[in-house]
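Trainee: structure05.pdb is the file, holding PDB, C-alpha atoms:
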ATOM      1  CA  MET A  69     -14.372  35.980 -16.213
ATOM      2  CA  THR A  70     -15.915  33.018 -18.057
ATOM      3  CA  LYS A  71     -16.245  29.485 -16.714
ATOM      4  CA  THR A  72     -13.609  28.350 -19.222
ATOM      5  CA  THR A  73     -11.107  30.854 -17.798
ATOM      6  CA  SER A  74     -11.976  29.697 -14.274
ATOM      7  CA  LEU A  75     -11.441  26.075 -15.277
ATOM      8  CA  LEU A  76      -8.050  26.906 -16.838
ATOM      9  CA  SER A  77      -7.112  28.767 -13.630
ATOM     10  CA  ALA A  78      -8.081  25.683 -11.605
ATOM     11  CA  LEU A  79      -5.985  23.404 -13.820
ATOM     12  CA  LEU A  80      -2.911  25.656 -13.628
ATOM     13  CA  CYS A  81      -3.370  25.969  -9.856
ATOM     14  CA  THR A  82      -3.602  22.188  -9.533
ATOM     15  CA  LEU A  83      -0.501  21.688 -11.692
ATOM     16  CA  ILE A  84       1.495  23.925  -9.345
ATOM     17  CA  TRP A  85       0.103  22.198  -6.236
ATOM     18  CA  GLY A  86       0.958  18.761  -7.604
ATOM     19  CA  THR A  87       4.578  19.598  -8.410
ATOM     20  CA  THR A  88       5.015  21.364  -5.056
ATOM     21  CA  PHE A  89       4.644  18.070  -3.143
ATOM     22  CA  ILE A  90       8.246  17.299  -4.106
ATOM     23  CA  ALA A  91       9.524  20.680  -2.880
ATOM     24  CA  GLN A  92       7.597  20.288   0.379
ATOM     25  CA  ASP A  93       9.122  16.885   1.040
ATOM     26  CA  THR A  94      12.724  17.796   0.143
ATOM     27  CA  GLY A  95      12.653  21.246   1.776
ATOM     28  CA  MET A  96      12.787  20.021   5.377
ATOM     29  CA  ASP A  97      16.257  18.442   5.508
ATOM     30  CA  ASP A  98      17.643  21.287   7.639
ATOM     31  CA  ILE A  99      14.579  23.152   8.931
ATOM     32  CA  GLY A 100      11.314  22.296  10.680
ATOM     33  CA  PRO A 101       7.861  22.213   9.052
ATOM     34  CA  PHE A 102       6.636  25.468  10.643
ATOM     35  CA  THR A 103       9.835  27.293   9.718
ATOM     36  CA  PHE A 104       9.392  26.040   6.154
ATOM     37  CA  ASN A 105       5.772  27.254   6.027
ATOM     38  CA  ALA A 106       6.550  30.585   7.714
ATOM     39  CA  VAL A 107       9.191  31.508   5.140
ATOM     40  CA  ARG A 108       7.315  29.904   2.259
ATOM     41  CA  PHE A 109       4.069  31.802   2.804
ATOM     42  CA  PHE A 110       5.794  35.093   3.660
ATOM     43  CA  ILE A 111       7.590  34.879   0.317
ATOM     44  CA  GLY A 112       4.205  34.160  -1.260
ATOM     45  CA  PHE A 113       2.823  37.293   0.419
ATOM     46  CA  LEU A 114       5.732  39.403  -0.902
ATOM     47  CA  ALA A 115       5.077  38.048  -4.404
ATOM     48  CA  ILE A 116       1.372  38.967  -4.340
ATOM     49  CA  ILE A 117       1.288  42.301  -2.504
ATOM     50  CA  PRO A 118       2.737  44.414  -5.406
ATOM     51  CA  LEU A 119      -0.059  43.049  -7.636
ATOM     52  CA  VAL A 120      -2.636  44.070  -5.019
ATOM     53  CA  PHE A 121      -1.508  47.713  -5.159
ATOM     54  CA  LEU A 122      -1.204  47.577  -8.945
ATOM     55  CA  PHE A 123      -4.572  46.025  -9.833
ATOM     56  CA  GLU A 124      -6.949  46.187  -6.867
ATOM     57  CA  PHE A 125      -6.067  49.235  -4.785
ATOM     58  CA  LYS A 126      -8.626  51.427  -6.604
ATOM     59  CA  LYS A 127     -11.366  48.799  -6.170
ATOM     60  CA  PHE A 128     -11.289  48.862  -2.352
ATOM     61  CA  LYS A 129     -13.833  51.657  -1.857
ATOM     62  CA  SER A 130     -16.415  50.249  -4.251
ATOM     63  CA  GLU A 131     -16.049  46.694  -2.925
ATOM     64  CA  PHE A 132     -16.227  47.710   0.725
ATOM     65  CA  LYS A 133     -19.546  49.507   0.357
ATOM     66  CA  SER A 134     -20.967  46.128   1.338
ATOM     67  CA  ASP A 135     -20.447  44.418   4.699
ATOM     68  CA  THR A 136     -16.753  44.776   5.615
ATOM     69  CA  LYS A 137     -17.298  42.751   8.803
ATOM     70  CA  THR A 138     -18.240  39.723   6.707
ATOM     71  CA  PHE A 139     -15.111  40.180   4.592
ATOM     72  CA  GLY A 140     -12.948  40.321   7.708
ATOM     73  CA  ILE A 141     -14.490  37.215   9.291
ATOM     74  CA  LEU A 142     -14.369  35.137   6.111
ATOM     75  CA  SER A 143     -10.805  36.274   5.333
ATOM     76  CA  PHE A 144      -9.673  35.170   8.790
ATOM     77  CA  LEU A 145     -11.478  31.815   8.465
ATOM     78  CA  ILE A 146      -9.877  31.252   5.053
ATOM     79  CA  GLY A 147      -6.418  32.103   6.418
ATOM     80  CA  LEU A 148      -6.942  29.907   9.485
ATOM     81  CA  SER A 149      -8.150  26.977   7.343
ATOM     82  CA  LEU A 150      -5.139  27.360   5.055
ATOM     83  CA  PHE A 151      -2.778  27.505   8.039
ATOM     84  CA  LEU A 152      -4.216  24.364   9.660
ATOM     85  CA  GLY A 153      -4.395  22.418   6.394
ATOM     86  CA  SER A 154      -0.863  23.300   5.261
ATOM     87  CA  ALA A 155       0.617  22.863   8.776
ATOM     88  CA  LEU A 156      -0.874  19.395   9.266
ATOM     89  CA  GLN A 157       0.188  18.336   5.773
ATOM     90  CA  GLN A 158       3.734  19.654   6.252
ATOM     91  CA  VAL A 159       4.174  18.019   9.694
ATOM     92  CA  ALA A 160       2.699  14.765   8.367
ATOM     93  CA  LEU A 161       5.436  14.552   5.714
ATOM     94  CA  LEU A 162       7.891  13.963   8.586
ATOM     95  CA  TYR A 163       6.013  10.789   9.568
ATOM     96  CA  THR A 164       4.675   9.442   6.293
ATOM     97  CA  ASP A 165       5.731   9.331   2.660
ATOM     98  CA  VAL A 166       4.554  11.449  -0.253
ATOM     99  CA  ALA A 167       2.365   8.642  -1.643
ATOM    100  CA  ASN A 168       0.321   8.365   1.552
ATOM    101  CA  ALA A 169       0.148  12.150   1.957
ATOM    102  CA  ALA A 170      -1.078  12.625  -1.618
ATOM    103  CA  PHE A 171      -3.725   9.912  -1.224
ATOM    104  CA  PHE A 172      -5.154  11.089   2.097
ATOM    105  CA  THR A 173      -5.038  14.782   1.103
ATOM    106  CA  ILE A 174      -7.619  14.224  -1.640
ATOM    107  CA  PHE A 175     -10.095  13.167   1.040
ATOM    108  CA  TYR A 176     -11.190  16.815   0.826
ATOM    109  CA  VAL A 177     -12.967  15.766  -2.384
ATOM    110  CA  PRO A 178     -15.794  13.903  -0.580
ATOM    111  CA  MET A 179     -15.623  16.202   2.471
ATOM    112  CA  VAL A 180     -16.582  19.355   0.547
ATOM    113  CA  PRO A 181     -19.995  18.179  -0.769
ATOM    114  CA  ILE A 182     -20.768  16.433   2.532
ATOM    115  CA  ILE A 183     -20.081  19.610   4.557
ATOM    116  CA  ILE A 184     -22.092  21.728   2.113
ATOM    117  CA  PHE A 185     -24.995  19.279   2.252
ATOM    118  CA  LEU A 186     -25.008  19.012   6.072
ATOM    119  CA  PHE A 187     -24.449  22.639   7.046
ATOM    120  CA  LYS A 188     -25.675  24.743   4.134
ATOM    121  CA  GLN A 189     -28.562  22.503   3.067
ATOM    122  CA  GLN A 190     -27.530  23.252  -0.525
ATOM    123  CA  SER A 191     -28.539  20.980  -3.363
ATOM    124  CA  ILE A 192     -25.673  19.314  -5.208
ATOM    125  CA  HIS A 193     -25.776  18.020  -8.774
ATOM    126  CA  TRP A 194     -25.962  14.211  -8.804
ATOM    127  CA  SER A 195     -22.791  13.954 -10.927
ATOM    128  CA  VAL A 196     -20.674  15.095  -7.955
ATOM    129  CA  TRP A 197     -21.124  11.827  -6.051
ATOM    130  CA  PRO A 198     -19.941   9.374  -8.772
ATOM    131  CA  SER A 199     -17.160  11.866  -9.566
ATOM    132  CA  VAL A 200     -16.022  11.745  -5.928
ATOM    133  CA  ILE A 201     -15.917   7.927  -6.029
ATOM    134  CA  LEU A 202     -13.934   7.946  -9.285
ATOM    135  CA  CYS A 203     -11.416  10.422  -7.813
ATOM    136  CA  LEU A 204     -10.916   8.377  -4.637
ATOM    137  CA  ILE A 205     -10.391   5.154  -6.614
ATOM    138  CA  GLY A 206      -8.020   7.030  -8.923
ATOM    139  CA  GLY A 207      -6.083   8.422  -5.966
ATOM    140  CA  TYR A 208      -5.775   4.944  -4.485
ATOM    141  CA  LEU A 209      -4.344   3.529  -7.723
ATOM    142  CA  LEU A 210      -2.217   6.598  -8.421
ATOM    143  CA  THR A 211      -0.199   6.532  -5.199
ATOM    144  CA  ASN A 212       0.477   2.781  -5.000
ATOM    145  CA  PHE A 213      -1.073   3.015  -1.548
ATOM    146  CA  GLN A 214      -1.817  -0.691  -1.616
ATOM    147  CA  ASP A 215       1.923  -1.288  -1.042
ATOM    148  CA  ALA A 216       2.142   1.185   1.864
ATOM    149  CA  THR A 217       1.340   1.006   5.567
ATOM    150  CA  VAL A 218      -0.873   3.415   7.465
ATOM    151  CA  ARG A 219       1.183   5.607   9.791
ATOM    152  CA  LEU A 220       0.380   8.126  12.513
ATOM    153  CA  GLY A 221       1.223  10.896  10.050
ATOM    154  CA  ASP A 222      -1.623   9.724   7.808
ATOM    155  CA  ASN A 223      -4.128  10.723  10.509
ATOM    156  CA  LEU A 224      -2.659  14.236  10.397
ATOM    157  CA  VAL A 225      -3.158  14.361   6.624
ATOM    158  CA  VAL A 226      -6.814  13.280   6.927
ATOM    159  CA  LEU A 227      -7.406  15.958   9.577
ATOM    160  CA  GLY A 228      -5.651  18.438   7.282
ATOM    161  CA  ALA A 229      -8.007  17.431   4.442
ATOM    162  CA  LEU A 230     -10.899  18.643   6.602
ATOM    163  CA  PHE A 231      -9.353  22.119   6.727
ATOM    164  CA  TRP A 232      -8.528  22.055   2.999
ATOM    165  CA  SER A 233     -12.248  21.431   2.433
ATOM    166  CA  THR A 234     -13.323  24.348   4.684
ATOM    167  CA  HIS A 235     -10.785  26.526   2.855
ATOM    168  CA  ILE A 236     -12.446  25.687  -0.467
ATOM    169  CA  ILE A 237     -15.928  26.310   0.969
ATOM    170  CA  PHE A 238     -15.066  29.661   2.609
ATOM    171  CA  THR A 239     -13.272  30.780  -0.566
ATOM    172  CA  GLY A 240     -16.373  29.971  -2.612
ATOM    173  CA  MET A 241     -18.477  32.054  -0.206
ATOM    174  CA  ILE A 242     -16.287  35.164  -0.172
ATOM    175  CA  ILE A 243     -15.390  35.354  -3.859
ATOM    176  CA  LYS A 244     -19.080  35.523  -4.820
ATOM    177  CA  LYS A 245     -19.467  38.652  -2.652
ATOM    178  CA  TYR A 246     -16.120  40.452  -3.070
ATOM    179  CA  ASP A 247     -14.152  40.705  -6.321
ATOM    180  CA  LEU A 248     -10.737  41.029  -4.618
ATOM    181  CA  PRO A 249      -8.884  37.759  -5.349
ATOM    182  CA  LEU A 250      -5.371  39.234  -5.090
ATOM    183  CA  THR A 251      -6.173  40.980  -1.808
ATOM    184  CA  LEU A 252      -7.661  37.806  -0.388
ATOM    185  CA  GLY A 253      -4.614  35.839  -1.549
ATOM    186  CA  ALA A 254      -2.274  38.292   0.178
ATOM    187  CA  ILE A 255      -4.288  38.253   3.414
ATOM    188  CA  GLN A 256      -4.424  34.466   3.696
ATOM    189  CA  THR A 257      -0.707  33.977   2.985
ATOM    190  CA  LEU A 258       0.185  36.613   5.590
ATOM    191  CA  ILE A 259      -2.036  34.908   8.194
ATOM    192  CA  VAL A 260      -0.382  31.537   7.532
ATOM    193  CA  ALA A 261       3.100  33.086   7.672
ATOM    194  CA  LEU A 262       2.393  34.818  11.011
ATOM    195  CA  PHE A 263       0.877  31.773  12.728
ATOM    196  CA  SER A 264       3.662  29.533  11.379
ATOM    197  CA  PHE A 265       6.363  31.945  12.564
ATOM    198  CA  ILE A 266       4.897  32.099  16.075
ATOM    199  CA  ILE A 267       4.909  28.302  16.423
ATOM    200  CA  ALA A 268       8.333  27.968  14.748
ATOM    201  CA  SER A 269       9.872  30.504  17.149
ATOM    202  CA  ILE A 270       8.565  28.485  20.126
ATOM    203  CA  TYR A 271       9.166  24.878  19.073
ATOM    204  CA  GLU A 272      11.823  25.036  16.328
ATOM    205  CA  GLU A 273      15.237  26.573  15.722
ATOM    206  CA  PHE A 274      14.778  29.488  13.338
ATOM    207  CA  ILE A 275      18.310  29.510  11.874
ATOM    208  CA  TYR A 276      18.954  31.757   8.860
ATOM    209  CA  SER A 277      21.826  29.653   7.456
ATOM    210  CA  ASN A 278      19.684  26.498   7.502
ATOM    211  CA  ILE A 279      16.865  28.323   5.740
ATOM    212  CA  LEU A 280      19.276  29.305   2.958
ATOM    213  CA  LYS A 281      20.151  25.629   2.438
ATOM    214  CA  GLU A 282      16.504  24.970   1.497
ATOM    215  CA  ILE A 283      16.018  28.195  -0.442
ATOM    216  CA  ASN A 284      15.277  26.554  -3.813
ATOM    217  CA  SER A 285      12.445  24.424  -2.408
ATOM    218  CA  ILE A 286      11.155  27.376  -0.369
ATOM    219  CA  LEU A 287      11.129  29.759  -3.343
ATOM    220  CA  TYR A 288       9.260  27.284  -5.549
ATOM    221  CA  ALA A 289       6.740  26.397  -2.846
ATOM    222  CA  GLY A 290       6.466  30.037  -1.778
ATOM    223  CA  ILE A 291       6.187  32.065  -4.974
ATOM    224  CA  LEU A 292       4.320  29.562  -7.143
ATOM    225  CA  SER A 293       2.301  27.448  -4.691
ATOM    226  CA  GLY A 294       2.007  29.612  -1.572
ATOM    227  CA  GLY A 295       1.499  32.744  -3.647
ATOM    228  CA  PHE A 296       0.131  32.497  -7.172
ATOM    229  CA  ALA A 297      -1.521  29.049  -7.002
ATOM    230  CA  PHE A 298      -3.845  30.073  -4.177
ATOM    231  CA  VAL A 299      -4.724  33.267  -6.072
ATOM    232  CA  LEU A 300      -5.512  31.094  -9.106
ATOM    233  CA  GLN A 301      -7.738  28.982  -6.853
ATOM    234  CA  ILE A 302      -9.702  32.111  -5.923
ATOM    235  CA  TYR A 303     -10.050  33.106  -9.583
ATOM    236  CA  ALA A 304     -11.140  29.538 -10.401
ATOM    237  CA  GLN A 305     -13.877  29.490  -7.767
ATOM    238  CA  LYS A 306     -15.385  32.668  -9.196
ATOM    239  CA  ASN A 307     -17.379  30.524 -11.649
ATOM    240  CA  ILE A 308     -16.985  27.004 -10.244
ATOM    241  CA  SER A 309     -18.945  25.987  -7.140
ATOM    242  CA  PRO A 310     -16.993  24.382  -4.247
ATOM    243  CA  ALA A 311     -17.945  20.705  -4.773
ATOM    244  CA  PRO A 312     -16.993  20.506  -8.499
ATOM    245  CA  ALA A 313     -13.939  22.702  -7.774
ATOM    246  CA  ALA A 314     -12.693  20.182  -5.191
ATOM    247  CA  ILE A 315     -12.969  17.444  -7.822
ATOM    248  CA  VAL A 316     -10.898  19.487 -10.309
ATOM    249  CA  PHE A 317      -8.286  20.173  -7.616
ATOM    250  CA  SER A 318      -7.935  16.395  -7.058
ATOM    251  CA  LEU A 319      -5.932  16.383 -10.306
ATOM    252  CA  GLU A 320      -2.969  17.491  -8.176
ATOM    253  CA  GLY A 321      -2.319  13.772  -7.577
ATOM    254  CA  VAL A 322      -2.046  13.231 -11.333
ATOM    255  CA  PHE A 323       0.329  16.162 -11.767
ATOM    256  CA  ALA A 324       2.391  15.035  -8.747
ATOM    257  CA  THR A 325       2.805  11.597 -10.305
ATOM    258  CA  ILE A 326       3.798  13.047 -13.674
ATOM    259  CA  ALA A 327       6.284  15.404 -11.964
ATOM    260  CA  ALA A 328       7.830  12.499 -10.051
ATOM    261  CA  TRP A 329       8.108  10.596 -13.337
ATOM    262  CA  ILE A 330       9.864  13.505 -15.092
ATOM    263  CA  LEU A 331      11.977  14.932 -12.256
ATOM    264  CA  LEU A 332      12.676  11.863 -10.126
ATOM    265  CA  SER A 333      12.594   9.220 -12.888
ATOM    266  CA  GLN A 334       9.871   7.281 -11.065
ATOM    267  CA  ILE A 335       8.309   4.733 -13.414
ATOM    268  CA  LEU A 336       4.559   4.882 -14.062
ATOM    269  CA  ASP A 337       3.025   1.392 -13.830
ATOM    270  CA  ILE A 338      -0.368   0.297 -15.147
ATOM    271  CA  ASN A 339      -2.109   1.134 -11.840
ATOM    272  CA  ASN A 340      -0.781   4.702 -11.974
ATOM    273  CA  LEU A 341      -2.056   5.178 -15.513
ATOM    274  CA  ILE A 342      -5.487   3.731 -14.671
ATOM    275  CA  GLY A 343      -5.608   5.984 -11.603
ATOM    276  CA  CYS A 344      -4.933   9.031 -13.788
ATOM    277  CA  LEU A 345      -7.800   8.015 -16.073
ATOM    278  CA  PHE A 346     -10.211   7.501 -13.153
ATOM    279  CA  ILE A 347      -9.516  10.988 -11.800
ATOM    280  CA  LEU A 348      -9.726  12.517 -15.281
ATOM    281  CA  PHE A 349     -13.101  10.853 -15.881
ATOM    282  CA  GLY A 350     -14.284  12.077 -12.477
ATOM    283  CA  VAL A 351     -13.310  15.650 -13.314
ATOM    284  CA  LEU A 352     -14.941  15.529 -16.754
ATOM    285  CA  LEU A 353     -18.137  14.033 -15.320
ATOM    286  CA  SER A 354     -18.477  16.752 -12.676
ATOM    287  CA  GLN A 355     -17.905  19.541 -15.214
ATOM    288  CA  LEU A 356     -19.782  18.280 -18.275
ATOM    289  CA  MET A 357     -22.964  16.738 -16.837
ATOM    290  CA  PRO A 358     -24.390  20.014 -15.422
ATOM    291  CA  ILE A 359     -23.695  21.689 -18.798
ATOM    292  CA  LEU A 360     -25.452  18.889 -20.719
ATOM    293  CA  LYS A 361     -28.418  19.151 -18.365
ATOM    294  CA  LYS A 362     -28.745  22.895 -19.066
ATOM    295  CA  ASN A 363     -28.523  22.362 -22.822
TER
END
Please express what this file holds, its structure, as structure tokens.

Mentor:
Amino acid sequence: MTKTTSLLSALLCTLIWGTTFIAQDTGMDDIGPFTFNAVRFFIGFLAIIPLVFLFEFKKFKSEFKSDTKTFGILSFLIGLSLFLGSALQQVALLYTDVANAAFFTIFYVPMVPIIIFLFKQQSIHWSVWPSVILCLIGGYLLTNFQDATVRLGDNLVVLGALFWSTHIIFTGMIIKKYDLPLTLGAIQTLIVALFSFIIASIYEEFIYSNILKEINSILYAGILSGGFAFVLQIYAQKNISPAPAAIVFSLEGVFATIAAWILLSQILDINNLIGCLFILFGVLLSQLMPILKKN
């Protein structure tokens, strides 16, 4: 897989994530956030698992000649990070609006390089830092956050951004060692579904008829976002390191805004357009500067 293919995978993944914000927000009219995530990610698991047997089943023996213990630990950490990030984001949407959630979620953009720098002592290309600043400014302008108020739910989104960042970092670690993106995608969605179901069965009413009322939102968020988008993320990080990958993934705010404009007839003002440009420039800077340096 070339870097261009990885970048296209990242862009498609981000497009799906951005449009899924709407399904996440509208899919909780009759069910709780953990019920939504339990069904959503289990559907994602069912969508991926046939592809695992079709394309990766024969690769298991050759891939697992290396340290299987490491694969198991990293797979669990990836699934746990995804569960905590998605759970906090989903619960937060009960207490804050989509604009705030979208803005605070992209805080994983600066968190990823900071965590890598502090804990892995890994050098980071200088272009990452101005790119991070551009993405944060763009996110601020994109969501019209200046007209919003900070709510308790926003703290949940910021905490969730921490786990989104560890998810990106752990994914970058495991995909360099094991070429099993579909298997990893299936494992992490199953972990999220199981943890979500346990909490939903304790604290929420798991009612089948209510789930059916939200089936359209669940199917979209489950098959596309909970299933294929996270597999695309794994493919993307095959050739893109975690810090630049996080910057590319920040484009989900741009795609969410465009989706709201098309589907919900929300008007794009000048701040939204400038915000889109800031994020786009940030992404281009993080991707092009290392290439120019090599040339």

Trainee: Taking into account only C-alpha atoms, which residue in the set A:Leu79, A:Leu250, A:Val316, A:Ile347 is nearest to Ile117 in chain A?

Mentor: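 Of all the options, A:Leu250 lies closest to Ile117 in chain A.
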
Trainee: Can you list what the PyMOL selection byres ((chain A and resi 172) around 8) grabs from this structure, as a PyMOL selection string?

Mentor: chain A and resi 168-171+173-175+222+225-226+229

Trainee: Could you list, as an MDAnalysis selection string, every residue matched by the PyMOL selection byres ((chain A and resi 236) around 10) in this structure?

Mentor: chainID A and resid 146 149:150 176 180 231:235 237:241 301:302 305 309:311 313:314 317

Trainee: Could you check the closest approach to Ala297 in chain A for each of A:Leu83, A:Leu142, A:Met179, A:Leu76 and tell me which residue wins, using only C-alpha atoms?

Mentor: A:Leu83

Trainee: Name the closest residue to Gly86 in chain A among the candidates A:Ile330, A:Ala254, A:Ser318, A:Cys344; distances are taken between atoms, counting all atoms listed in the file.

Mentor: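 The shortest atom-to-atom distance to Gly86 in chain A comes from A:Ser318.
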
Trainee: Report the distance between CA of Gly206 in chain A and CA of Phe346 in chain A in Å, rounded to one decimal place.

Mentor: 4.8 Å

Trainee: Starting from the incomplete input, reconstruct N, CA and C atoms of range 281-292 of chain A and write that as a PDB file, in the coordinates of the input.

Mentor:
ATOM      1  N   LYS A 281      19.864  26.937   3.035  1.00  0.00           N
ATOM      2  CA  LYS A 281      20.151  25.629   2.438  1.00  0.00           C
ATOM      3  C   LYS A 281      18.936  25.071   1.687  1.00  0.00           C
ATOM      4  N   GLU A 282      17.736  25.480   2.111  1.00  0.00           N
ATOM      5  CA  GLU A 282      16.504  24.970   1.497  1.00  0.00           C
ATOM      6  C   GLU A 282      15.838  26.020   0.611  1.00  0.00           C
ATOM      7  N   ILE A 283      16.610  27.032   0.216  1.00  0.00           N
ATOM      8  CA  ILE A 283      16.018  28.195  -0.442  1.00  0.00           C
ATOM      9  C   ILE A 283      15.340  27.858  -1.772  1.00  0.00           C
ATOM     10  N   ASN A 284      15.884  26.891  -2.523  1.00  0.00           N
ATOM     11  CA  ASN A 284      15.277  26.554  -3.813  1.00  0.00           C
ATOM     12  C   ASN A 284      13.883  25.964  -3.630  1.00  0.00           C
ATOM     13  N   SER A 285      13.757  25.025  -2.690  1.00  0.00           N
ATOM     14  CA  SER A 285      12.445  24.424  -2.408  1.00  0.00           C
ATOM     15  C   SER A 285      11.481  25.466  -1.862  1.00  0.00           C
ATOM     16  N   ILE A 286      11.997  26.351  -0.985  1.00  0.00           N
ATOM     17  CA  ILE A 286      11.155  27.376  -0.369  1.00  0.00           C
ATOM     18  C   ILE A 286      10.655  28.366  -1.417  1.00  0.00           C
ATOM     19  N   LEU A 287      11.523  28.794  -2.317  1.00  0.00           N
ATOM     20  CA  LEU A 287      11.129  29.759  -3.343  1.00  0.00           C
ATOM     21  C   LEU A 287      10.061  29.176  -4.267  1.00  0.00           C
ATOM     22  N   TYR A 288      10.242  27.922  -4.668  1.00  0.00           N
ATOM     23  CA  TYR A 288       9.260  27.284  -5.549  1.00  0.00           C
ATOM     24  C   TYR A 288       7.917  27.149  -4.834  1.00  0.00           C
ATOM     25  N   ALA A 289       7.972  26.591  -3.609  1.00  0.00           N
ATOM     26  CA  ALA A 289       6.740  26.397  -2.846  1.00  0.00           C
ATOM     27  C   ALA A 289       6.125  27.723  -2.418  1.00  0.00           C
ATOM     28  N   GLY A 290       6.958  28.748  -2.242  1.00  0.00           N
ATOM     29  CA  GLY A 290       6.466  30.037  -1.778  1.00  0.00           C
ATOM     30  C   GLY A 290       5.860  30.880  -2.881  1.00  0.00           C
ATOM     31  N   ILE A 291       6.645  31.159  -3.918  1.00  0.00           N
ATOM     32  CA  ILE A 291       6.187  32.065  -4.974  1.00  0.00           C
ATOM     33  C   ILE A 291       5.070  31.423  -5.806  1.00  0.00           C
ATOM     34  N   LEU A 292       5.292  30.198  -6.256  1.00  0.00           N
ATOM     35  CA  LEU A 292       4.320  29.562  -7.143  1.00  0.00           C
ATOM     36  C   LEU A 292       3.122  28.973  -6.390  1.00  0.00           C
TER      37      LEU A 292
END
